[in-house]
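Visitor: Next comes the structure file model33.tsv, holding TSV, C-alpha atoms.
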```
chain	number	residue	atom	x	y	z
A	996	MET	CA	7.05	-183.77	-158.49
A	997	SER	CA	5.77	-183.83	-162.08
A	998	LEU	CA	8.64	-186.17	-163.01
A	999	LEU	CA	7.66	-188.58	-160.24
A	1000	LYS	CA	4.07	-188.59	-161.52
A	1001	LYS	CA	5.28	-189.49	-164.97
A	1002	LEU	CA	7.55	-192.23	-163.65
A	1003	PHE	CA	5.13	-193.86	-161.29
A	1004	GLY	CA	1.81	-192.77	-162.72
A	1005	GLN	CA	-1.09	-191.10	-161.00
A	1006	LYS	CA	-3.37	-193.09	-158.75
A	1007	GLU	CA	-6.83	-193.29	-160.27
A	1008	GLU	CA	-9.66	-191.66	-158.39
A	1009	ALA	CA	-11.93	-194.05	-156.53
A	1010	ILE	CA	-15.31	-194.74	-158.13
A	1011	LYS	CA	-17.89	-193.51	-155.63
A	1012	SER	CA	-20.85	-192.67	-157.86
A	1013	ASN	CA	-22.42	-193.53	-161.20
A	1014	GLU	CA	-21.06	-190.27	-162.58
A	1015	ASP	CA	-17.52	-191.20	-161.45
A	1016	PHE	CA	-17.82	-194.50	-163.30
A	1017	TRP	CA	-18.86	-192.91	-166.58
A	1018	THR	CA	-16.14	-190.27	-166.31
A	1019	TRP	CA	-13.62	-193.11	-166.01
A	1020	PHE	CA	-15.25	-195.09	-168.83
A	1021	LYS	CA	-15.10	-192.12	-171.21
A	1022	LYS	CA	-11.36	-191.82	-170.59
A	1023	ASN	CA	-10.91	-195.43	-171.67
A	1024	GLU	CA	-13.69	-195.94	-174.20
A	1025	LYS	CA	-11.49	-195.65	-177.30
A	1026	ASP	CA	-9.24	-198.47	-176.06
A	1027	PHE	CA	-12.30	-200.56	-175.19
A	1028	PHE	CA	-13.87	-199.87	-178.58
A	1029	LYS	CA	-10.71	-201.07	-180.31
A	1030	VAL	CA	-10.77	-204.33	-178.33
A	1031	VAL	CA	-14.39	-204.99	-179.30
A	1032	LYS	CA	-13.99	-203.89	-182.91
A	1033	THR	CA	-10.85	-205.98	-183.56
A	1034	HIS	CA	-11.83	-208.96	-181.36
A	1035	GLY	CA	-8.80	-208.32	-179.19
A	1036	ASP	CA	-7.96	-209.73	-175.78
A	1037	PHE	CA	-11.35	-209.13	-174.11
A	1038	GLU	CA	-10.34	-210.58	-170.76
A	1039	LYS	CA	-7.07	-208.68	-170.36
A	1040	ASP	CA	-7.86	-205.37	-172.03
A	1041	PHE	CA	-11.56	-204.98	-171.27
A	1042	PHE	CA	-13.07	-207.31	-168.66
A	1043	ASN	CA	-10.18	-207.13	-166.18
A	1044	LYS	CA	-10.29	-203.33	-166.29
A	1045	LEU	CA	-14.05	-202.84	-166.21
A	1046	SER	CA	-14.94	-205.38	-163.50
A	1047	PRO	CA	-12.94	-203.78	-160.63
A	1048	LYS	CA	-14.39	-200.36	-161.40
A	1049	LEU	CA	-17.94	-201.66	-161.33
A	1050	ALA	CA	-17.15	-203.47	-158.07
A	1051	GLU	CA	-16.07	-200.18	-156.50
A	1052	LEU	CA	-19.66	-199.01	-156.97
A	1053	LYS	CA	-21.34	-202.20	-155.79
A	1054	ASP	CA	-21.08	-205.93	-156.20
A	1055	GLY	CA	-23.52	-207.70	-158.52
A	1056	TYR	CA	-22.83	-205.98	-161.85
A	1057	PHE	CA	-22.25	-208.16	-164.91
A	1058	PHE	CA	-21.76	-207.12	-168.52
A	1059	LEU	CA	-21.71	-208.21	-172.15
A	1060	THR	CA	-20.25	-206.45	-175.16
A	1061	GLY	CA	-20.12	-206.73	-178.93
A	1062	MET	CA	-20.51	-204.75	-182.14
A	1063	ILE	CA	-24.01	-203.74	-183.23
A	1064	ASN	CA	-22.68	-202.66	-186.61
A	1065	ASP	CA	-19.37	-201.54	-188.10
A	1066	THR	CA	-19.32	-198.25	-186.19
A	1067	THR	CA	-21.18	-198.94	-182.91
A	1068	ALA	CA	-20.26	-201.12	-179.94
A	1069	GLU	CA	-22.79	-202.10	-177.29
A	1070	LEU	CA	-22.19	-202.45	-173.57
A	1071	VAL	CA	-24.97	-204.41	-171.85
A	1072	LEU	CA	-24.97	-204.07	-168.08
A	1073	THR	CA	-26.89	-206.87	-166.39
A	1074	ALA	CA	-27.85	-208.08	-162.93
A	1075	ASP	CA	-27.66	-211.70	-164.12
A	1076	GLY	CA	-31.30	-212.11	-163.09
A	1077	ASN	CA	-30.76	-211.07	-159.46
A	1078	ILE	CA	-33.86	-209.08	-158.49
A	1079	LYS	CA	-32.21	-206.96	-155.82
A	1080	ASN	CA	-29.54	-205.66	-158.21
A	1081	ILE	CA	-31.82	-204.73	-161.12
A	1082	VAL	CA	-32.50	-201.17	-159.93
A	1083	PHE	CA	-28.79	-200.40	-159.59
A	1084	VAL	CA	-28.11	-201.56	-163.14
A	1085	GLU	CA	-31.00	-199.47	-164.45
A	1086	GLU	CA	-29.83	-196.35	-162.63
A	1087	LEU	CA	-26.22	-196.77	-163.74
A	1088	VAL	CA	-27.32	-197.00	-167.37
A	1089	ALA	CA	-29.71	-194.06	-166.96
A	1090	ALA	CA	-26.74	-191.96	-165.79
A	1091	ALA	CA	-24.62	-192.83	-168.86
A	1092	PRO	CA	-23.66	-189.84	-171.02
A	1093	LYS	CA	-23.81	-189.93	-174.80
A	1094	ILE	CA	-20.61	-191.60	-175.98
A	1095	GLU	CA	-19.96	-191.59	-179.70
A	1096	GLY	CA	-19.59	-195.12	-181.03
A	1097	TRP	CA	-21.28	-196.74	-178.02
A	1098	THR	CA	-24.77	-197.88	-177.05
A	1099	VAL	CA	-25.28	-198.68	-173.37
A	1100	THR	CA	-28.16	-201.00	-172.50
A	1101	ALA	CA	-29.69	-201.93	-169.12
A	1102	LEU	CA	-30.39	-205.65	-168.76
A	1103	LYS	CA	-30.52	-208.23	-171.51
A	1104	SER	CA	-33.22	-207.30	-174.00
A	1105	PRO	CA	-35.86	-209.75	-175.28
A	1106	LEU	CA	-35.16	-211.29	-178.68
A	1107	ALA	CA	-37.49	-212.37	-181.46
A	1108	ILE	CA	-38.08	-216.11	-181.37
A	1109	GLU	CA	-36.36	-216.66	-184.73
A	1110	ASN	CA	-33.17	-215.15	-183.28
A	1111	VAL	CA	-33.00	-217.48	-180.27
A	1112	ASN	CA	-31.21	-220.72	-181.02
A	1113	ILE	CA	-29.05	-221.86	-178.10
A	1114	ASN	CA	-26.50	-224.63	-178.56
A	1115	MET	CA	-25.06	-226.25	-175.43
A	1116	GLY	CA	-23.04	-229.42	-175.76
A	1117	ASN	CA	-25.13	-231.90	-177.73
A	1118	TYR	CA	-28.41	-230.08	-177.15
A	1119	GLN	CA	-30.31	-227.33	-178.88
A	1120	PHE	CA	-32.91	-224.97	-177.48
A	1121	ASN	CA	-35.24	-223.34	-179.98
A	1122	ARG	CA	-38.86	-223.16	-181.08
A	1123	GLU	CA	-38.58	-226.56	-182.74
A	1124	ASN	CA	-37.94	-228.58	-179.57
A	1125	LEU	CA	-39.49	-226.39	-176.84
A	1126	LYS	CA	-43.17	-226.15	-175.92
A	1127	PHE	CA	-45.02	-225.11	-172.76
A	1128	TYR	CA	-48.23	-225.42	-170.81
A	1129	TYR	CA	-49.59	-223.60	-167.77
A	1130	THR	CA	-51.36	-224.83	-164.65
A	1131	GLU	CA	-54.19	-222.98	-162.93
A	1132	HIS	CA	-54.60	-223.17	-159.15
A	1133	THR	CA	-58.04	-222.60	-157.64
A	1134	ASN	CA	-56.64	-221.33	-154.35
A	1135	PHE	CA	-54.00	-219.16	-156.05
A	1136	PRO	CA	-55.72	-217.77	-159.16
A	1137	ASP	CA	-53.13	-215.06	-159.84
A	1138	GLU	CA	-50.13	-217.36	-159.71
A	1139	ILE	CA	-48.38	-217.95	-163.03
A	1140	ASP	CA	-47.29	-221.58	-163.07
A	1141	VAL	CA	-45.48	-222.51	-166.28
A	1142	THR	CA	-44.00	-225.83	-167.36
A	1143	ILE	CA	-41.49	-225.90	-170.21
A	1144	VAL	CA	-41.26	-229.13	-172.21
A	1145	HIS	CA	-38.01	-230.05	-173.97
A	1146	ASP	CA	-38.16	-232.97	-176.39
A	1147	ASP	CA	-34.86	-234.52	-175.24
A	1148	LEU	CA	-35.03	-234.18	-171.45
A	1149	ASN	CA	-34.51	-237.34	-169.39
A	1150	GLU	CA	-33.15	-238.26	-165.95
A	1151	GLN	CA	-29.55	-238.33	-167.15
A	1152	ASN	CA	-29.46	-234.92	-168.86
A	1153	SER	CA	-31.97	-233.08	-166.67
A	1154	LYS	CA	-29.43	-230.61	-165.22
A	1155	ALA	CA	-27.90	-229.73	-168.60
A	1156	ILE	CA	-31.31	-229.30	-170.26
A	1157	THR	CA	-32.60	-227.19	-167.36
A	1158	ASN	CA	-29.61	-224.85	-167.61
A	1159	GLY	CA	-30.13	-224.53	-171.36
A	1160	VAL	CA	-33.83	-223.72	-170.97
A	1161	TYR	CA	-33.03	-220.99	-168.43
A	1162	ILE	CA	-30.57	-219.42	-170.87
A	1163	PHE	CA	-33.12	-219.68	-173.68
A	1164	LEU	CA	-35.83	-217.96	-171.60
A	1165	ASP	CA	-33.41	-215.26	-170.45
A	1166	ASN	CA	-32.72	-214.42	-174.10
A	1167	TYR	CA	-36.24	-214.90	-175.47
A	1168	LEU	CA	-38.20	-213.12	-172.72
A	1169	GLY	CA	-35.46	-210.67	-171.75
A	1170	GLU	CA	-33.81	-210.49	-168.35
A	1171	LEU	CA	-36.40	-208.30	-166.61
A	1172	ASN	CA	-39.45	-210.23	-167.84
A	1173	PHE	CA	-37.91	-213.62	-167.07
A	1174	ALA	CA	-36.99	-212.51	-163.55
A	1175	THR	CA	-40.34	-210.92	-162.69
A	1176	THR	CA	-43.28	-212.57	-164.46
A	1177	ILE	CA	-43.17	-216.32	-163.74
A	1178	ASP	CA	-44.07	-217.48	-160.23
A	1179	ARG	CA	-43.42	-221.20	-160.69
A	1180	LEU	CA	-41.28	-222.75	-163.39
A	1181	LYS	CA	-40.84	-226.45	-164.09
A	1182	ILE	CA	-38.90	-228.13	-166.90
A	1183	VAL	CA	-39.86	-231.64	-168.06
A	1184	GLY	CA	-39.52	-234.05	-170.97
A	1185	LYS	CA	-42.28	-234.94	-173.39
A	1186	GLU	CA	-42.66	-238.62	-172.47
A	1187	GLN	CA	-45.95	-239.65	-170.78
A	1188	LEU	CA	-47.23	-236.09	-171.03
A	1189	GLN	CA	-51.00	-235.78	-171.13
A	1190	LYS	CA	-51.18	-231.99	-171.41
A	1191	GLU	CA	-51.98	-230.06	-174.57
A	1192	LEU	CA	-48.76	-228.25	-175.48
A	1193	ILE	CA	-48.49	-224.64	-176.65
A	1194	PRO	CA	-45.78	-223.40	-179.05
A	1195	ILE	CA	-42.99	-221.65	-177.12
A	1196	GLU	CA	-43.32	-218.55	-179.30
A	1197	LYS	CA	-46.69	-217.88	-177.62
A	1198	LEU	CA	-45.17	-217.75	-174.12
A	1199	LYS	CA	-44.24	-214.07	-174.36
A	1200	ASP	CA	-47.78	-212.98	-175.24
A	1201	PHE	CA	-49.23	-215.27	-172.56
A	1202	LEU	CA	-47.08	-213.66	-169.86
A	1203	ILE	CA	-47.86	-210.13	-171.06
A	1204	TRP	CA	-51.59	-210.91	-170.93
A	1205	ARG	CA	-51.43	-212.44	-167.44
A	1206	GLU	CA	-49.29	-209.63	-166.04
A	1207	LYS	CA	-51.62	-206.99	-167.52
A	1208	GLU	CA	-54.61	-208.70	-165.90
A	1209	PHE	CA	-52.76	-208.88	-162.59
A	1210	ILE	CA	-51.77	-205.21	-162.58
A	1211	GLU	CA	-55.30	-204.06	-163.48
A	1212	LYS	CA	-56.82	-206.25	-160.75
A	1213	TYR	CA	-54.66	-204.90	-157.92
A	1214	ASP	CA	-53.80	-201.40	-159.10
A	1215	GLY	CA	-54.05	-198.87	-156.27
A	1216	ILE	CA	-54.74	-201.35	-153.47
A	1217	ARG	CA	-53.10	-200.29	-150.20
A	1218	HIS	CA	-53.41	-201.35	-146.56
A	1219	SER	CA	-52.93	-199.20	-143.47
A	1220	THR	CA	-51.34	-201.08	-140.58
A	1221	GLU	CA	-52.05	-198.35	-138.02
A	1222	ASN	CA	-54.86	-200.23	-136.24
A	1223	ASP	CA	-53.75	-203.80	-137.02
A	1224	SER	CA	-53.45	-206.50	-134.37
A	1225	TYR	CA	-50.16	-208.24	-133.60
A	1226	ASN	CA	-49.40	-211.55	-131.94
A	1227	MET	CA	-46.26	-212.60	-130.13
A	1228	LEU	CA	-45.30	-216.22	-130.79
A	1229	GLU	CA	-42.75	-218.19	-128.79
A	1230	ALA	CA	-41.13	-221.53	-129.49
A	1231	GLN	CA	-38.12	-223.54	-128.37
A	1232	LEU	CA	-35.50	-224.58	-130.90
A	1233	GLU	CA	-33.74	-227.96	-130.92
A	1234	ASN	CA	-30.70	-226.43	-129.23
A	1235	GLY	CA	-32.90	-225.18	-126.40
A	1236	ASN	CA	-32.78	-221.53	-127.38
A	1237	PRO	CA	-36.00	-219.54	-127.57
A	1238	LEU	CA	-37.50	-218.21	-130.80
A	1239	ILE	CA	-39.64	-215.09	-130.47
A	1240	ALA	CA	-41.76	-213.77	-133.32
A	1241	VAL	CA	-44.07	-210.77	-133.57
A	1242	VAL	CA	-46.45	-210.89	-136.55
A	1243	ASN	CA	-49.27	-208.75	-137.91
A	1244	THR	CA	-52.21	-211.15	-137.74
A	1245	ASP	CA	-54.55	-208.83	-139.67
A	1246	LEU	CA	-52.14	-208.80	-142.59
A	1247	LEU	CA	-51.72	-212.57	-142.56
A	1248	SER	CA	-55.49	-212.95	-143.00
A	1249	TRP	CA	-55.80	-210.17	-145.60
A	1250	GLU	CA	-57.61	-211.22	-148.79
A	1251	ASP	CA	-55.54	-209.00	-151.11
A	1252	LYS	CA	-52.10	-210.40	-150.35
A	1253	ALA	CA	-51.32	-210.76	-154.06
A	1254	SER	CA	-51.43	-206.97	-154.43
A	1255	HIS	CA	-48.06	-206.91	-152.62
A	1256	PRO	CA	-46.28	-209.83	-154.32
A	1257	TRP	CA	-42.63	-209.07	-153.46
A	1258	ILE	CA	-41.20	-210.28	-150.16
A	1259	LEU	CA	-38.29	-208.43	-148.56
A	1260	ASN	CA	-36.50	-210.65	-146.05
A	1261	ILE	CA	-33.94	-208.75	-143.94
A	1262	GLU	CA	-31.46	-210.69	-141.80
A	1263	ILE	CA	-29.50	-208.93	-139.04
A	1264	ARG	CA	-26.77	-210.77	-137.13
A	1265	PHE	CA	-25.99	-209.53	-133.62
A	1266	SER	CA	-23.84	-210.52	-130.64
A	1267	SER	CA	-26.23	-212.53	-128.52
A	1268	ASP	CA	-26.22	-213.50	-124.91
A	1269	GLY	CA	-26.22	-217.15	-123.86
A	1270	ASN	CA	-29.72	-217.92	-125.15
A	1271	GLY	CA	-29.38	-216.35	-128.61
A	1272	LEU	CA	-31.33	-213.16	-127.80
A	1273	PRO	CA	-29.89	-209.62	-127.83
A	1274	ALA	CA	-28.68	-207.93	-124.67
A	1275	LYS	CA	-30.43	-204.70	-123.61
A	1276	GLU	CA	-28.13	-202.33	-125.55
A	1277	GLU	CA	-28.29	-204.33	-128.75
A	1278	TYR	CA	-32.03	-204.86	-128.33
A	1279	ASP	CA	-32.51	-201.07	-128.32
A	1280	GLN	CA	-30.21	-200.64	-131.34
A	1281	LEU	CA	-32.10	-203.32	-133.26
A	1282	ASN	CA	-35.39	-201.59	-132.52
A	1283	ASP	CA	-33.97	-198.24	-133.65
A	1284	LEU	CA	-32.80	-199.84	-136.91
A	1285	GLU	CA	-36.18	-201.47	-137.42
A	1286	ASP	CA	-37.95	-198.15	-136.78
A	1287	GLU	CA	-35.72	-196.45	-139.36
A	1288	ILE	CA	-36.65	-199.01	-142.01
A	1289	LEU	CA	-40.31	-198.59	-141.07
A	1290	ILE	CA	-40.08	-194.85	-141.71
A	1291	LEU	CA	-38.41	-195.39	-145.09
A	1292	LEU	CA	-40.78	-198.16	-146.23
A	1293	LYS	CA	-44.27	-196.89	-145.44
A	1294	ASP	CA	-47.46	-198.93	-145.74
A	1295	ILE	CA	-49.22	-196.14	-147.65
A	1296	ASP	CA	-46.51	-196.37	-150.31
A	1297	GLY	CA	-46.97	-200.12	-150.68
A	1298	TYR	CA	-44.54	-201.65	-148.16
A	1299	LEU	CA	-46.18	-203.72	-145.42
A	1300	ASN	CA	-44.26	-204.78	-142.32
A	1301	ILE	CA	-45.46	-208.34	-141.67
A	1302	GLY	CA	-43.37	-208.86	-138.57
A	1303	ARG	CA	-40.07	-210.15	-137.23
A	1304	GLU	CA	-38.45	-213.25	-135.81
A	1305	THR	CA	-35.53	-213.36	-133.35
A	1306	ALA	CA	-33.43	-216.41	-132.44
A	1307	ASN	CA	-29.86	-217.73	-132.38
A	1308	GLY	CA	-28.22	-214.32	-132.71
A	1309	THR	CA	-30.29	-213.32	-135.72
A	1310	ARG	CA	-33.27	-211.04	-136.25
A	1311	GLU	CA	-35.27	-211.40	-139.45
A	1312	ILE	CA	-37.66	-208.65	-140.53
A	1313	PHE	CA	-40.33	-209.32	-143.15
A	1314	TYR	CA	-42.01	-206.95	-145.60
A	1315	ALA	CA	-44.50	-207.53	-148.40
A	1316	CYS	CA	-44.00	-204.95	-151.17
A	1317	LYS	CA	-45.80	-203.62	-154.23
A	1318	GLU	CA	-42.48	-203.51	-156.11
A	1319	PHE	CA	-38.84	-204.42	-155.58
A	1320	ARG	CA	-36.77	-201.41	-156.62
A	1321	LYS	CA	-37.12	-199.04	-153.66
A	1322	PRO	CA	-36.57	-201.79	-151.03
A	1323	SER	CA	-33.31	-202.70	-152.79
A	1324	LYS	CA	-32.08	-199.11	-152.60
A	1325	ILE	CA	-33.17	-198.61	-149.00
A	1326	MET	CA	-31.44	-201.79	-147.85
A	1327	HIS	CA	-28.23	-200.83	-149.67
A	1328	GLN	CA	-28.23	-197.58	-147.67
A	1329	ILE	CA	-29.06	-199.32	-144.39
A	1330	ILE	CA	-26.29	-201.90	-144.79
A	1331	ALA	CA	-23.73	-199.14	-145.40
A	1332	LYS	CA	-24.96	-197.05	-142.47
A	1333	TYR	CA	-24.90	-199.88	-139.92
A	1334	ALA	CA	-21.85	-201.77	-141.23
A	1335	ASP	CA	-19.86	-201.09	-138.06
A	1336	ARG	CA	-22.62	-202.37	-135.77
A	1337	PHE	CA	-24.42	-205.24	-137.47
A	1338	GLN	CA	-23.95	-207.79	-140.21
A	1339	ILE	CA	-26.99	-207.21	-142.43
A	1340	SER	CA	-28.11	-209.05	-145.55
A	1341	TYR	CA	-31.39	-209.23	-147.45
A	1342	GLU	CA	-33.26	-211.11	-150.15
A	1343	ILE	CA	-36.16	-210.08	-152.37
A	1344	TYR	CA	-38.34	-212.69	-154.03
A	1345	ARG	CA	-41.80	-213.07	-155.53
A	1346	ASP	CA	-44.43	-214.80	-153.38
A	1347	LYS	CA	-47.89	-213.56	-154.36
A	1348	TYR	CA	-49.75	-215.43	-151.64
A	1349	TRP	CA	-47.14	-215.02	-148.89
A	1350	GLN	CA	-46.74	-218.76	-148.54
A	1351	SER	CA	-43.40	-218.05	-146.86
A	1352	PHE	CA	-45.34	-217.10	-143.74
A	1353	ASN	CA	-47.66	-220.10	-143.46
A	1354	ARG	CA	-45.61	-221.16	-140.43
A	1355	PHE	CA	-47.12	-218.23	-138.51
A	1356	ILE	CA	-50.70	-219.31	-139.26
A	1357	GLY	CA	-52.70	-222.02	-137.53
A	1358	ASN	CA	-51.53	-223.62	-134.34
```
What is this file in structure tokens?
Guide:
Amino acid sequence: MSLLKKLFGQKEEAIKSNEDFWTWFKKNEKDFFKVVKTHGDFEKDFFNKLSPKLAELKDGYFFLTGMINDTTAELVLTADGNIKNIVFVEELVAAAPKIEGWTVTALKSPLAIENVNINMGNYQFNRENLKFYYTEHTNFPDEIDVTIVHDDLNEQNSKAITNGVYIFLDNYLGELNFATTIDRLKIVGKEQLQKELIPIEKLKDFLIWREKEFIEKYDGIRHSTENDSYNMLEAQLENGNPLIAVVNTDLLSWEDKASHPWILNIEIRFSSDGNGLPAKEEYDQLNDLEDEILILLKDIDGYLNIGRETANGTREIFYACKEFRKPSKIMHQIIAKYADRFQISYEIYRDKYWQSFNRFIGN
């Protein structure tokens, strides 16, 4: 038997936890270090080995590597700006053991402005050719609306310049700050601009100041939904199928919406009857699933169930949240638990004034 193992090799253990991943990484870290140190075949001897192992844990992990100095390599694990994957990257890095010769970093760190000079094609992105201004909105005073101005942007190169600016901001602000502090972002050229421009190196301090103000303003604000009123709304879709929504009308008129700026949008696909609504058995299962999420995401903890919408074989459930990390983890668990019954997906995005739900207000 031992001879067969030598001939055919032993099958590697599946990666089922963060600890499993780091155990595997430690077994291979010397080979990986050599690749980084000697500028070897990164794709074959590092990336193609690391990527499948990360994917066994969860999709949505990305990574960068390089030498910090002559004796230390760095592995940067990143969510590539995807909000719902940030918590998993952070927890994976937090579980990393001390590995001699390696530094493991969660998310791309912010860089000093003098160290950010991006070259893409014929264009540069640096403090010499980038400025910004911000726009205040009377009806949405807490919204951070930033416009970046690049000297060379025009109609022909708009896509290339926009991509370059995003990469610049990702490096300058850092991945977490770029993903979580700007509500609206626009990129324009300098022609016919009447605004007073601010040096790009002041953007980081501006965002820190605005976010600090925002946190202080809404710190500790909670809402109990126990005695809230709900409305059932019905409509007919173009294909003739009904759309049925149940929404918390007290929440939709709440003055402190911005205190819960993260929207969790859950989408559950089910086998519908002829009119796109669930049959009795699936209706009960959907309600059980919804009740389970409600228990895990409580209003007192900062997770407000705004309502749900059902049509065309899909139920969408909406939450407004104080933060985005716990909802990501809860939904990862829910998707795994109900994988054999429903097709479930979710998105998390920032919408301080819940403008996503304006369709439920008014007529």
Visitor: Could you name the residues that touch Leu1070 in chain A at 7 Å or less, counting all atoms listed in the file, but leaving out those on the same chain fewer than 4 positions away, as a list in words?
Guide: Phe1058, Leu1059, Thr1060, Thr1098, Val1099 and Thr1100 of chain A
Visitor: From the list A:Asp1040, A:Asp1214, A:Glu1311, A:Glu1277, which residue is nearest Leu1238 in chain A when using only C-alpha atoms?
Guide: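 Ranking A:Asp1040, A:Asp1214, A:Glu1311, A:Glu1277 by distance to Leu1238 in chain A, first place goes to A:Glu1311.
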Visitor: Could you pull the residues within 6 Å of range 1136-1147 of chain A, counting all atoms listed in the file, minus those fewer than 2 positions along the same chain, as a PDB file with C-alpha atoms, in the frame of the given file?
Guide:
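Contents of around.pdb, freshly written:
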```
ATOM      1  CA  ASN A1124     -37.940-228.580-179.570  1.00  0.00           C
ATOM      2  CA  LEU A1125     -39.490-226.390-176.840  1.00  0.00           C
ATOM      3  CA  LYS A1126     -43.170-226.150-175.920  1.00  0.00           C
ATOM      4  CA  PHE A1127     -45.020-225.110-172.760  1.00  0.00           C
ATOM      5  CA  TYR A1128     -48.230-225.420-170.810  1.00  0.00           C
ATOM      6  CA  TYR A1129     -49.590-223.600-167.770  1.00  0.00           C
ATOM      7  CA  THR A1130     -51.360-224.830-164.650  1.00  0.00           C
ATOM      8  CA  HIS A1132     -54.600-223.170-159.150  1.00  0.00           C
ATOM      9  CA  THR A1133     -58.040-222.600-157.640  1.00  0.00           C
ATOM     10  CA  ILE A1177     -43.170-216.320-163.740  1.00  0.00           C
ATOM     11  CA  ASP A1178     -44.070-217.480-160.230  1.00  0.00           C
ATOM     12  CA  ARG A1179     -43.420-221.200-160.690  1.00  0.00           C
ATOM     13  CA  LEU A1180     -41.280-222.750-163.390  1.00  0.00           C
ATOM     14  CA  LYS A1181     -40.840-226.450-164.090  1.00  0.00           C
ATOM     15  CA  ILE A1182     -38.900-228.130-166.900  1.00  0.00           C
ATOM     16  CA  VAL A1183     -39.860-231.640-168.060  1.00  0.00           C
ATOM     17  CA  GLY A1184     -39.520-234.050-170.970  1.00  0.00           C
ATOM     18  CA  LYS A1185     -42.280-234.940-173.390  1.00  0.00           C
TER      19      LYS A1185
END
```
Visitor: Excluding Asn1013 in chain A and residues on its chain fewer than 4 positions from it, collect all residues at most 7 Å away from it, counting only C-alpha atoms, and give them as a count of residues only.
Guide: 3
Visitor: Between CA of Leu1299 in chain A and CA of Leu1281 in chain A, measure the distance and give it in Å to one decimal.
Guide: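 Between these atoms lies a distance of 18.6 Å.
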Visitor: Between A:Ala1155, A:Leu1164, A:Ile1081, A:Ala1315, single out the one closest to Asn1260 in chain A, counting all atoms listed in the file.
Guide: A:Ala1315
Visitor: Which neighbours of Leu1291 in chain A fall inside 12 Å, counting all atoms listed in the file, when residues of the same chain fewer than 6 positions from it are skipped, and could you give them as a list in words?
Guide: Leu1284, Glu1285, Gly1297, Tyr1298, Leu1299, Asn1300, Lys1321, Pro1322, Ser1323, Lys1324, Ile1325, Met1326, Gln1328 and Ile1329 of chain A
Visitor: Choose the residue, out of A:Lys1317, A:Gln1231, A:Gly1169, A:Glu1221, that has the smallest atom-to-atom separation from His1255 in chain A; count only C-alpha atoms.
Guide: A:Lys1317
Visitor: For CA of Thr1305 in chain A and CA of Ser1266 in chain A, quote the distance in Å rounded to one decimal.
Guide: 12.3 Å
Visitor: Using only C-alpha atoms, can you tell me which of A:Lys1079, A:Arg1122, A:Lys1199, A:His1034 comes closest to Lys1053 in chain A?
Guide: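 Closest to Lys1053 in chain A, using only C-alpha atoms: A:Lys1079.
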Visitor: State, in Å with one decimal place, the distance from CA of Gln1350 in chain A to CA of Glu1211 in chain A.
Guide: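 Taking CA of Gln1350 in chain A as the start and CA of Glu1211 in chain A as the end point, the length is 22.6 Å.
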Visitor: Show which residues sit within 12 Å of Glu1008 in chain A, as a PDB file with C-alpha atoms, in the coordinates of the input. Count all atoms listed in the file, and ignore same-chain residues fewer than 2 positions away.
Guide:
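Output saved as result.pdb:
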```
ATOM      1  CA  GLN A1005      -1.090-191.100-161.000  1.00  0.00           C
ATOM      2  CA  LYS A1006      -3.370-193.090-158.750  1.00  0.00           C
ATOM      3  CA  ILE A1010     -15.310-194.740-158.130  1.00  0.00           C
ATOM      4  CA  LYS A1011     -17.890-193.510-155.630  1.00  0.00           C
ATOM      5  CA  SER A1012     -20.850-192.670-157.860  1.00  0.00           C
ATOM      6  CA  ASP A1015     -17.520-191.200-161.450  1.00  0.00           C
ATOM      7  CA  PHE A1016     -17.820-194.500-163.300  1.00  0.00           C
ATOM      8  CA  THR A1018     -16.140-190.270-166.310  1.00  0.00           C
ATOM      9  CA  TRP A1019     -13.620-193.110-166.010  1.00  0.00           C
ATOM     10  CA  LYS A1048     -14.390-200.360-161.400  1.00  0.00           C
ATOM     11  CA  GLU A1051     -16.070-200.180-156.500  1.00  0.00           C
TER      12      GLU A1051
END
```
Visitor: Could you please give me, as a PyMOL selection string, the residues of protein, DNA or RNA lying at most 12 Å from (-31.4, -210.2, -179.2) in the coordinate frame of the file, considering all atoms listed in the file?
Guide: chain A and resi 1061+1063+1069+1071+1100+1102-1113+1163-1170
Visitor: Which residue gives the smallest distance to Lys1021 in chain A among A:Arg1320, A:Lys1293, A:Lys1039, A:Lys1093, with all atoms listed in the file counted?
Guide: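 Among the listed residues, A:Lys1093 lies closest to Lys1021 in chain A.
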